[in-house]
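Data from coords23.cif: mmCIF, C-alpha atoms
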data_input
#
loop_
_atom_site.label_atom_id
_atom_site.label_comp_id
_atom_site.auth_asym_id
_atom_site.auth_seq_id
_atom_site.Cartn_x
_atom_site.Cartn_y
_atom_site.Cartn_z
CA MET A 1 3.52 -7.95 26.26
CA HIS A 2 6.18 -9.32 28.62
CA GLY A 3 7.40 -11.81 26.02
CA LEU A 4 7.66 -9.06 23.44
CA GLU A 5 9.39 -6.76 25.91
CA ASP A 6 12.00 -9.40 26.69
CA ARG A 7 12.66 -10.02 23.00
CA VAL A 8 13.14 -6.32 22.26
CA ALA A 9 15.45 -5.93 25.28
CA ARG A 10 17.56 -8.88 24.17
CA LEU A 11 17.80 -7.75 20.53
CA LEU A 12 18.67 -4.14 21.33
CA ALA A 13 20.58 -4.57 24.60
CA ALA A 14 18.34 -1.91 26.13
CA ARG A 15 15.27 -2.11 28.34
CA PRO A 16 11.94 -0.80 27.00
CA LEU A 17 10.47 1.91 29.22
CA ALA A 18 7.27 2.94 27.42
CA TRP A 19 5.09 1.43 24.70
CA VAL A 20 2.59 3.31 22.52
CA ARG A 21 0.40 1.23 20.24
CA ARG A 22 0.31 2.48 16.65
CA SER A 23 -1.82 1.96 13.59
CA ALA A 24 -0.45 0.95 10.19
CA ALA A 25 1.31 4.31 10.14
CA TRP A 26 2.96 6.06 13.09
CA GLN A 27 -0.31 7.44 14.44
CA PRO A 28 -1.83 6.33 17.80
CA ALA A 29 -4.59 3.79 17.23
CA GLU A 30 -6.04 0.52 18.38
CA ALA A 31 -4.61 -2.63 16.84
CA VAL A 32 -6.29 -3.71 13.63
CA ALA A 33 -7.94 -7.11 13.94
CA GLY A 34 -5.99 -9.78 12.14
CA GLY A 35 -3.00 -7.51 11.42
CA ASN A 36 0.37 -6.94 13.04
CA ASP A 37 0.99 -5.36 16.43
CA ARG A 38 2.83 -2.03 16.08
CA PHE A 39 4.42 0.06 18.81
CA THR A 40 6.64 3.04 19.32
CA VAL A 41 9.02 2.03 22.11
CA ASP A 42 11.20 4.28 24.29
CA LEU A 43 14.37 2.55 25.53
CA ASP A 44 16.41 3.18 28.64
CA ASP A 45 19.43 4.20 26.56
CA GLY A 46 17.53 7.17 25.12
CA ARG A 47 16.60 5.61 21.78
CA ARG A 48 13.10 5.38 20.35
CA VAL A 49 12.28 2.58 17.89
CA PHE A 50 9.32 1.24 15.96
CA VAL A 51 8.40 -2.37 16.73
CA LYS A 52 6.25 -4.48 14.44
CA ALA A 53 5.29 -7.99 15.54
CA ALA A 54 3.28 -10.56 13.61
CA THR A 55 0.26 -11.90 15.45
CA GLY A 56 -0.07 -15.34 13.85
CA THR A 57 0.85 -17.68 11.04
CA HIS A 58 -1.21 -15.71 8.50
CA THR A 59 0.71 -12.45 9.05
CA ALA A 60 4.14 -13.97 9.72
CA PRO A 61 5.02 -14.38 6.01
CA TRP A 62 4.19 -10.70 5.35
CA LEU A 63 6.53 -9.53 8.08
CA ARG A 64 9.21 -12.01 7.08
CA ARG A 65 9.08 -10.73 3.51
CA GLU A 66 9.18 -7.13 4.68
CA ALA A 67 12.29 -7.85 6.73
CA GLU A 68 13.93 -9.42 3.70
CA VAL A 69 13.28 -6.25 1.71
CA TYR A 70 14.63 -3.98 4.49
CA ALA A 71 17.78 -6.10 4.75
CA HIS A 72 18.65 -5.71 1.07
CA LEU A 73 17.12 -2.40 -0.04
CA HIS A 74 18.58 0.91 1.11
CA GLY A 75 17.81 4.50 0.24
CA SER A 76 16.44 7.80 1.46
CA PHE A 77 12.94 6.53 0.64
CA MET A 78 12.77 3.98 3.47
CA PRO A 79 13.42 3.75 7.22
CA GLU A 80 16.46 1.99 8.59
CA LEU A 81 16.28 -1.63 9.66
CA ILE A 82 17.51 -1.98 13.25
CA ALA A 83 16.82 -5.65 14.04
CA PHE A 84 14.80 -8.67 12.95
CA GLU A 85 14.10 -11.91 14.76
CA ASP A 86 12.39 -14.68 12.86
CA ASP A 87 9.84 -17.01 14.42
CA PRO A 88 7.38 -19.47 12.81
CA VAL A 89 4.39 -17.60 14.26
CA GLU A 90 5.57 -14.25 15.67
CA PRO A 91 8.55 -12.77 13.80
CA LEU A 92 9.64 -9.39 15.13
CA LEU A 93 10.78 -6.39 13.07
CA ILE A 94 12.40 -3.30 14.63
CA LEU A 95 12.82 -0.16 12.54
CA GLU A 96 13.92 3.42 12.83
CA ASP A 97 11.14 5.43 14.46
CA LEU A 98 9.47 7.95 12.14
CA GLY A 99 7.37 9.63 14.81
CA ASP A 100 9.06 12.95 14.12
CA ALA A 101 8.17 12.82 10.42
CA ASP A 102 5.11 14.55 8.94
CA TRP A 103 2.26 12.07 8.44
CA ASP A 104 -0.45 14.66 7.76
CA VAL A 105 -2.42 14.09 4.57
CA ARG A 106 -1.78 17.36 2.78
CA TRP A 107 -1.10 17.31 -0.93
CA ASP A 108 0.61 20.12 -2.79
CA THR A 109 2.97 20.24 -5.76
CA ALA A 110 6.08 19.80 -3.62
CA ARG A 111 4.74 16.71 -1.89
CA VAL A 112 3.56 15.08 -5.10
CA SER A 113 7.01 15.75 -6.57
CA ALA A 114 8.68 14.26 -3.49
CA VAL A 115 6.69 11.03 -3.84
CA ARG A 116 7.46 10.81 -7.55
CA SER A 117 11.15 11.36 -6.81
CA ALA A 118 11.08 8.61 -4.19
CA LEU A 119 9.35 6.22 -6.59
CA GLY A 120 11.94 7.03 -9.23
CA ALA A 121 14.69 6.08 -6.79
CA VAL A 122 12.83 2.91 -5.87
CA ALA A 123 12.43 1.97 -9.55
CA ALA A 124 16.17 2.37 -10.14
CA SER A 125 17.10 0.14 -7.18
CA SER A 126 18.19 -3.48 -7.46
CA PRO A 127 15.38 -5.84 -6.43
CA PRO A 128 15.86 -7.75 -3.17
CA PRO A 129 16.06 -11.55 -3.38
CA ASN A 130 12.83 -13.43 -4.02
CA THR A 131 11.09 -10.40 -5.51
CA PRO A 132 8.10 -11.51 -7.62
CA SER A 133 6.95 -9.84 -10.80
CA LEU A 134 3.96 -7.52 -10.98
CA ARG A 135 2.27 -10.07 -13.23
CA GLU A 136 2.59 -12.67 -10.48
CA MET A 137 1.24 -10.26 -7.85
CA LEU A 138 -1.75 -9.27 -9.95
CA ALA A 139 -2.78 -12.90 -10.40
CA ASP A 140 -4.54 -12.72 -7.02
CA PHE A 141 -6.67 -9.69 -7.94
CA GLY A 142 -10.05 -9.53 -9.65
CA ARG A 143 -10.69 -8.21 -13.14
CA TRP A 144 -13.46 -6.90 -15.36
CA ALA A 145 -13.93 -10.54 -16.39
CA ASP A 146 -15.22 -11.20 -12.86
CA VAL A 147 -17.71 -8.36 -13.25
CA GLU A 148 -18.80 -9.73 -16.60
CA ALA A 149 -19.34 -13.19 -15.10
CA ASP A 150 -21.39 -11.78 -12.20
CA PRO A 151 -22.25 -8.09 -12.58
CA GLU A 152 -24.75 -7.93 -9.71
CA PRO A 153 -22.32 -7.06 -6.87
CA PHE A 154 -20.92 -4.16 -8.90
CA LEU A 155 -24.35 -2.96 -10.02
CA SER A 156 -25.69 -3.20 -6.45
CA THR A 157 -23.42 -0.31 -5.47
CA GLY A 158 -25.23 2.07 -7.83
CA ILE A 159 -21.91 3.50 -9.01
CA ARG A 160 -22.91 2.94 -12.65
CA THR A 161 -26.03 1.61 -14.39
CA ARG A 162 -26.43 -1.67 -16.20
CA GLU A 163 -26.74 0.25 -19.47
CA TRP A 164 -23.42 1.97 -18.81
CA LEU A 165 -21.77 -1.35 -17.98
CA ASP A 166 -23.10 -2.99 -21.16
CA ARG A 167 -21.61 -0.19 -23.27
CA ALA A 168 -18.35 0.25 -21.38
CA LEU A 169 -17.34 -3.30 -20.46
CA PRO A 170 -15.85 -4.36 -23.84
CA ILE A 171 -13.79 -1.16 -24.00
CA LEU A 172 -12.61 -1.49 -20.40
CA GLN A 173 -11.65 -5.12 -20.83
CA ALA A 174 -9.69 -4.44 -24.02
CA ALA A 175 -7.85 -1.50 -22.46
CA ALA A 176 -7.04 -3.41 -19.28
CA ASP A 177 -5.70 -6.34 -21.30
CA ASP A 178 -3.36 -3.92 -23.11
CA ALA A 179 -1.94 -2.42 -19.91
CA PRO A 180 1.85 -2.91 -19.79
CA ILE A 181 2.71 -4.81 -16.64
CA ASP A 182 6.04 -6.43 -17.49
CA GLY A 183 9.30 -4.71 -16.61
CA ASN A 184 12.42 -4.75 -14.46
CA ASP A 185 11.83 -1.63 -12.35
CA LEU A 186 11.35 -2.11 -8.62
CA LEU A 187 7.86 -1.22 -7.35
CA HIS A 188 6.54 -0.64 -3.84
CA LEU A 189 3.00 -1.51 -5.05
CA ASP A 190 1.16 -0.14 -2.02
CA VAL A 191 1.73 3.60 -2.29
CA ARG A 192 -0.88 5.52 -0.32
CA SER A 193 -0.95 8.16 2.40
CA ASP A 194 -0.89 5.76 5.37
CA ASN A 195 2.29 4.21 3.95
CA LEU A 196 3.93 7.61 3.36
CA CYS A 197 5.51 10.30 5.48
CA PHE A 198 7.74 13.28 4.82
CA ARG A 199 10.96 14.41 6.45
CA ASP A 200 13.30 17.18 5.27
CA GLY A 201 11.50 17.45 1.95
CA ARG A 202 11.76 13.76 1.06
CA ALA A 203 9.10 11.07 1.00
CA ILE A 204 9.62 7.89 3.02
CA LEU A 205 7.69 4.69 2.25
CA VAL A 206 6.81 1.96 4.75
CA ASP A 207 5.13 -1.47 4.52
CA TRP A 208 7.25 -3.16 1.85
CA ASN A 209 5.79 -6.66 1.75
CA TRP A 210 4.18 -6.15 -1.70
CA CYS A 211 7.43 -5.07 -3.34
CA CYS A 212 7.74 -6.47 -6.89
CA THR A 213 9.18 -5.74 -10.34
CA GLY A 214 7.37 -4.17 -13.27
CA PRO A 215 7.12 -0.86 -15.16
CA ALA A 216 7.77 2.19 -12.98
CA ASP A 217 4.64 3.98 -14.20
CA PHE A 218 2.43 1.34 -12.62
CA ASP A 219 3.52 2.34 -9.11
CA VAL A 220 2.55 5.93 -9.92
CA ALA A 221 -0.75 4.93 -11.55
CA ALA A 222 -1.83 2.75 -8.62
CA TRP A 223 -1.20 5.63 -6.20
CA LEU A 224 -3.16 8.28 -8.14
CA PRO A 225 -6.78 7.31 -7.28
CA SER A 226 -6.13 7.59 -3.54
CA LEU A 227 -4.15 10.78 -4.10
CA ALA A 228 -7.15 12.36 -5.87
CA THR A 229 -9.64 11.26 -3.21
CA GLU A 230 -7.48 13.03 -0.59
CA GLY A 231 -7.55 16.38 -2.35
CA GLY A 232 -4.54 15.92 -4.60
CA PRO A 233 -4.42 16.40 -8.37
CA ARG A 234 -6.55 14.30 -10.66
CA PRO A 235 -4.89 11.17 -12.09
CA TRP A 236 -4.70 12.43 -15.67
CA GLU A 237 -2.92 15.57 -14.49
CA VAL A 238 -0.09 13.52 -13.01
CA LEU A 239 0.11 10.65 -15.52
CA PRO A 240 -1.44 11.60 -18.87
CA ALA A 241 -2.45 9.05 -21.51
CA ALA A 242 -2.67 6.16 -19.04
CA GLY A 243 -6.08 4.84 -20.02
CA ALA A 244 -4.92 1.22 -19.99
CA TYR A 245 -3.75 1.51 -16.39
CA SER A 246 -6.95 3.28 -15.36
CA ALA A 247 -9.00 0.43 -16.85
CA MET A 248 -6.91 -2.24 -15.13
CA LEU A 249 -7.08 -0.55 -11.73
CA ALA A 250 -10.81 0.09 -12.05
CA GLY A 251 -11.32 -3.61 -12.76
CA VAL A 252 -9.51 -4.59 -9.56
CA TRP A 253 -11.89 -2.50 -7.42
CA ALA A 254 -15.02 -3.14 -9.49
CA ALA A 255 -14.59 -6.89 -8.94
CA VAL A 256 -14.82 -6.55 -5.14
CA VAL A 257 -16.54 -3.28 -4.22
CA GLY A 258 -20.00 -4.85 -4.03
CA LEU A 259 -18.93 -7.92 -2.05
CA PRO A 260 -19.25 -8.27 1.75
CA PRO A 261 -16.13 -6.89 3.47
CA PRO A 262 -13.65 -9.32 5.00
CA PRO A 263 -13.97 -9.71 8.79
CA THR A 264 -10.48 -8.26 9.34
CA ALA A 265 -11.25 -5.08 7.35
CA PRO A 266 -14.91 -4.11 7.87
CA THR A 267 -14.54 -0.63 6.33
CA VAL A 268 -12.38 -1.54 3.34
CA ARG A 269 -15.22 -1.38 0.82
CA GLU A 270 -15.84 2.30 1.59
CA GLY A 271 -12.31 3.21 0.59
CA GLN A 272 -12.46 0.97 -2.45
CA ARG A 273 -15.67 2.65 -3.56
CA ARG A 274 -14.09 6.11 -3.36
CA GLN A 275 -11.10 4.98 -5.37
CA LEU A 276 -13.28 3.20 -7.91
CA GLU A 277 -15.40 6.30 -8.47
CA THR A 278 -12.26 8.35 -9.12
CA THR A 279 -10.77 5.67 -11.37
CA LEU A 280 -13.95 5.30 -13.43
CA ALA A 281 -13.92 9.05 -14.07
CA TRP A 282 -10.31 8.59 -15.20
CA CYS A 283 -11.38 5.74 -17.52
CA GLU A 284 -14.23 7.79 -18.95
CA ARG A 285 -11.90 10.66 -19.76
CA GLU A 286 -9.04 8.61 -21.21
CA LEU A 287 -11.14 6.03 -23.05
CA SER A 288 -13.93 8.37 -24.21
CA LEU A 289 -16.62 6.37 -22.43
CA GLN A 290 -20.12 7.81 -22.18
#
Have the structure of the file written as structure tokens, please.
Amino acid sequence: MHGLEDRVARLLAARPLAWVRRSAAWQPAEAVAGGNDRFTVDLDDGRRVFVKAATGTHTAPWLRREAEVYAHLHGSFMPELIAFEDDPVEPLLILEDLGDADWDVRWDTARVSAVRSALGAVAASSPPPNTPSLREMLADFGRWADVEADPEPFLSTGIRTREWLDRALPILQAAADDAPIDGNDLLHLDVRSDNLCFRDGRAILVDWNWCCTGPADFDVAAWLPSLATEGGPRPWEVLPAAGAYSAMLAGVWAAVVGLPPPPTAPTVREGQRRQLETTLAWCERELSLQ
């Protein structure tokens, strides 16, 4: 902590007085294994800032990329960049503190509209340097082809039967292959409640290291399954006639939901299962699956 404290003091010309460890959002929590260290820090000049420090060579590129985005992208949909110090192992990012914003998960029409407005502003923004395409980003994710090659992990979850999979798989694969993923709009690509807060009626997005370019509707579509699982509207109520996107997203989760969780995220499969169940219902409605 002393090394981090000295770095913050030097970068901000103010001495840290109090540190509160945070989770991925601005809520108090223990550090997540394998992730970044996050703190709200009170300074002796009266300021409060949010400090995010990489914990090793595997997380350093994520934080470095996030800093690059913050340095070049500006708008009411993101916090202000205060300082960044690069380091091969432990780069350090300091942002505006959002502790006074509303992080409660509470979805109503106004909040859904605020997120859609923010995503519209994001989509219209000029991409920061080195921004990859959505097609490039999706290359690292699984597909229905992975389920076809080895259906047992998916079937082991009991989410759907083998008979259902035999009937649905050709339709899902064809729809997913038709999903439009090329475009020049800027996407956040990780829109979910723990990366969102609200202040003065506007939505603010954090964690920008997955930022890429593609069609604006994809950012909305990828957010909708988590929105529905948290009590928000159903996906087809927000983005009608998006069966191709529902099939593509379902394939991403279906390919991994039955696999052992990674050591750094032991509970991730539970969340993926909830989103997959919602997305499969979306597929069944839009693609007339039985």
Please identify all polymer residues within 12 Å of Gly120 (chain A), counting only C-alpha atoms, omitting same-chain residues fewer than 4 positions from it, and present them as a PDB file with C-alpha atoms, in the coordinates of the input.
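The resulting around_2.pdb:
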ATOM      1  CA  GLY A  75      17.810   4.500   0.240  1.00  0.00           C
ATOM      2  CA  SER A  76      16.440   7.800   1.460  1.00  0.00           C
ATOM      3  CA  PHE A  77      12.940   6.530   0.640  1.00  0.00           C
ATOM      4  CA  SER A 113       7.010  15.750  -6.570  1.00  0.00           C
ATOM      5  CA  ALA A 114       8.680  14.260  -3.490  1.00  0.00           C
ATOM      6  CA  VAL A 115       6.690  11.030  -3.840  1.00  0.00           C
ATOM      7  CA  ARG A 116       7.460  10.810  -7.550  1.00  0.00           C
ATOM      8  CA  ALA A 124      16.170   2.370 -10.140  1.00  0.00           C
ATOM      9  CA  SER A 125      17.100   0.140  -7.180  1.00  0.00           C
ATOM     10  CA  ASP A 185      11.830  -1.630 -12.350  1.00  0.00           C
ATOM     11  CA  LEU A 186      11.350  -2.110  -8.620  1.00  0.00           C
ATOM     12  CA  LEU A 187       7.860  -1.220  -7.350  1.00  0.00           C
ATOM     13  CA  HIS A 188       6.540  -0.640  -3.840  1.00  0.00           C
ATOM     14  CA  ALA A 203       9.100  11.070   1.000  1.00  0.00           C
ATOM     15  CA  PRO A 215       7.120  -0.860 -15.160  1.00  0.00           C
ATOM     16  CA  ALA A 216       7.770   2.190 -12.980  1.00  0.00           C
ATOM     17  CA  ASP A 217       4.640   3.980 -14.200  1.00  0.00           C
ATOM     18  CA  PHE A 218       2.430   1.340 -12.620  1.00  0.00           C
ATOM     19  CA  ASP A 219       3.520   2.340  -9.110  1.00  0.00           C
ATOM     20  CA  VAL A 220       2.550   5.930  -9.920  1.00  0.00           C
TER      21      VAL A 220
END
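CA of Val122 (chain A) lies 28.7 Å from CA of Leu12 (chain A).
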Item to check | All residues 8 Å or closer to Gly142 (chain A), all atoms listed in the file, same chain fewer than 3 positions away omitted, as a PyMOL selection string | outcome: chain A and resi 145-146+251-253+255-256
Checklist entry - Which residues, written as a PyMOL selection string, have at least one atom at most 7 Å from Ala175 (chain A), with only C-alpha atoms counted and residues fewer than 4 positions away on the same chain left out? => result chain A and resi 171+179+244+247
Next on the checklist: Residues within 12 Å of Ser288 (chain A), please, as number ranges by chain. Count only C-alpha atoms; anything in the same chain fewer than 6 positions from it doesn't count.
Outcome noted: A: 167-168, 171-172, 175, 241, 243, 247, 280-282
Checklist entry - Of the candidates A:Glu230, A:Glu270, A:Asp97, A:Glu68, which one gets nearest to Phe39 (chain A) if we count only C-alpha atoms? => result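 Checking each of A:Glu230, A:Glu270, A:Asp97, A:Glu68 against Phe39 (chain A), counting only C-alpha atoms, the winner is A:Asp97.
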Item to check | Given only C-alpha atoms as the counted atoms, nearest of A:Phe154, A:Asp207, A:Glu163, A:Pro170 to Gln272 (chain A) | outcome: A:Phe154
Determine, counting only C-alpha atoms, which protein, DNA and RNA residues have an atom within 10 Å of an atom of Gly46 (chain A); residues of the same chain fewer than 6 positions away are not included. Present the result as a compact mmCIF listing (two decimals) with C-alpha atoms, in the frame of the given file.
# COMPACT_ATOMS: atom_id res chain seq x y z
CA ALA A 14 18.34 -1.91 26.13
CA PRO A 16 11.94 -0.80 27.00
CA LEU A 17 10.47 1.91 29.22
Next on the checklist: I'd like the interatomic distance between CA of Ile204 (chain A) and CA of Pro79 (chain A), to a tenth of an Å.
Outcome noted: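 So the answer is 7.0 Å.
Between Thr59 (chain A) and the residues A:Leu239, A:Leu227, A:Leu92, A:Ala71, the shortest atom-to-atom distance, using only C-alpha atoms, involves A:Leu92.
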Item to check | Resolved residues for the PyMOL selection byres ((chain A and resi 195) around 9) as JSON, numbers by chain | outcome: {"A": [24, 25, 190, 191, 192, 193, 194, 196, 197, 204, 205, 206, 207]}
Same residues, C-alpha atoms, output as a PDB file, in the frame of the given file:
ATOM      1  CA  ALA A  24      -0.450   0.950  10.190  1.00  0.00           C
ATOM      2  CA  ALA A  25       1.310   4.310  10.140  1.00  0.00           C
ATOM      3  CA  ASP A 190       1.160  -0.140  -2.020  1.00  0.00           C
ATOM      4  CA  VAL A 191       1.730   3.600  -2.290  1.00  0.00           C
ATOM      5  CA  ARG A 192      -0.880   5.520  -0.320  1.00  0.00           C
ATOM      6  CA  SER A 193      -0.950   8.160   2.400  1.00  0.00           C
ATOM      7  CA  ASP A 194      -0.890   5.760   5.370  1.00  0.00           C
ATOM      8  CA  LEU A 196       3.930   7.610   3.360  1.00  0.00           C
ATOM      9  CA  CYS A 197       5.510  10.300   5.480  1.00  0.00           C
ATOM     10  CA  ILE A 204       9.620   7.890   3.020  1.00  0.00           C
ATOM     11  CA  LEU A 205       7.690   4.690   2.250  1.00  0.00           C
ATOM     12  CA  VAL A 206       6.810   1.960   4.750  1.00  0.00           C
ATOM     13  CA  ASP A 207       5.130  -1.470   4.520  1.00  0.00           C
TER      14      ASP A 207
END
Which residues fall under the PyMOL selection byres ((chain A and resi 132) around 8) in this file, as a tab-separated table (two decimals) with C-alpha atoms, in the coordinates of the input?
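And here's part-v8.tsv as it stands now:
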chain	number	residue	atom	x	y	z
A	130	ASN	CA	12.83	-13.43	-4.02
A	131	THR	CA	11.09	-10.40	-5.51
A	133	SER	CA	6.95	-9.84	-10.80
A	134	LEU	CA	3.96	-7.52	-10.98
A	136	GLU	CA	2.59	-12.67	-10.48
A	137	MET	CA	1.24	-10.26	-7.85
A	211	CYS	CA	7.43	-5.07	-3.34
A	212	CYS	CA	7.74	-6.47	-6.89
A	213	THR	CA	9.18	-5.74	-10.34
Checklist entry - Hey, what comes out of the PyMOL selection byres ((chain A and resi 81) around 7) on this file? Could you write it as a list in words? => result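 Matching residues under the PyMOL selection byres ((chain A and resi 81) around 7) are Tyr70, Ala71, Pro79, Glu80, Ile82, Ala83, Ile94, Leu95 and Glu96 of chain A.
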Expected file: the selected residues, C-alpha atoms, as a CSV table (one decimal), keeping the file's coordinate frame:
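Final file, result-v8.csv:
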chain,number,residue,atom,x,y,z
A,70,TYR,CA,14.6,-4.0,4.5
A,71,ALA,CA,17.8,-6.1,4.8
A,79,PRO,CA,13.4,3.8,7.2
A,80,GLU,CA,16.5,2.0,8.6
A,82,ILE,CA,17.5,-2.0,13.2
A,83,ALA,CA,16.8,-5.6,14.0
A,94,ILE,CA,12.4,-3.3,14.6
A,95,LEU,CA,12.8,-0.2,12.5
A,96,GLU,CA,13.9,3.4,12.8
Item to check | Of the listed residues A:Glu277, A:Glu66, A:Asp6, A:Glu237, that which approaches Phe84 (chain A) most closely, counting all atoms listed in the file | outcome: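 That would be A:Glu66, the residue with the smallest distance to Phe84 (chain A).
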Test item: axis-aligned box, all listed atoms of region 86-95 of chain A, 6 Å on each side, centre and edges in Å rounded to one decimal, as JSON:
{"center_x": 8.6, "center_y": -9.8, "center_z": 14.1, "size_x": 20.4, "size_y": 31.3, "size_z": 15.1}
Checklist entry - Between CA of Arg143 (chain A) and CA of Leu289 (chain A), what is the spacing in Å? => result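 The value is 18.3 Å.
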Checklist outcome for this item: With distances taken over only C-alpha atoms, the candidate from A:Glu286, A:Asp100, A:Asp108, A:Asp200 nearest Tyr245 (chain A) is A:Glu286
Counting all atoms listed in the file, find residues at most 10 Å from (13.5, -10.5, 5.2) (file frame) and give them as an mmCIF file with C-alpha atoms, in the frame of the given file.
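File result20.cif, as written:
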data_model
loop_
_atom_site.group_PDB
_atom_site.id
_atom_site.type_symbol
_atom_site.label_atom_id
_atom_site.label_comp_id
_atom_site.auth_asym_id
_atom_site.auth_seq_id
_atom_site.Cartn_x
_atom_site.Cartn_y
_atom_site.Cartn_z
ATOM 1 C CA PRO A 61 5.020 -14.380 6.010
ATOM 2 C CA TRP A 62 4.190 -10.700 5.350
ATOM 3 C CA LEU A 63 6.530 -9.530 8.080
ATOM 4 C CA ARG A 64 9.210 -12.010 7.080
ATOM 5 C CA ARG A 65 9.080 -10.730 3.510
ATOM 6 C CA GLU A 66 9.180 -7.130 4.680
ATOM 7 C CA ALA A 67 12.290 -7.850 6.730
ATOM 8 C CA GLU A 68 13.930 -9.420 3.700
ATOM 9 C CA VAL A 69 13.280 -6.250 1.710
ATOM 10 C CA TYR A 70 14.630 -3.980 4.490
ATOM 11 C CA ALA A 71 17.780 -6.100 4.750
ATOM 12 C CA HIS A 72 18.650 -5.710 1.070
ATOM 13 C CA PHE A 84 14.800 -8.670 12.950
ATOM 14 C CA GLU A 85 14.100 -11.910 14.760
ATOM 15 C CA ASP A 86 12.390 -14.680 12.860
ATOM 16 C CA LEU A 93 10.780 -6.390 13.070
ATOM 17 C CA PRO A 128 15.860 -7.750 -3.170
ATOM 18 C CA PRO A 129 16.060 -11.550 -3.380
ATOM 19 C CA ASN A 130 12.830 -13.430 -4.020
ATOM 20 C CA ASN A 209 5.790 -6.660 1.750
#
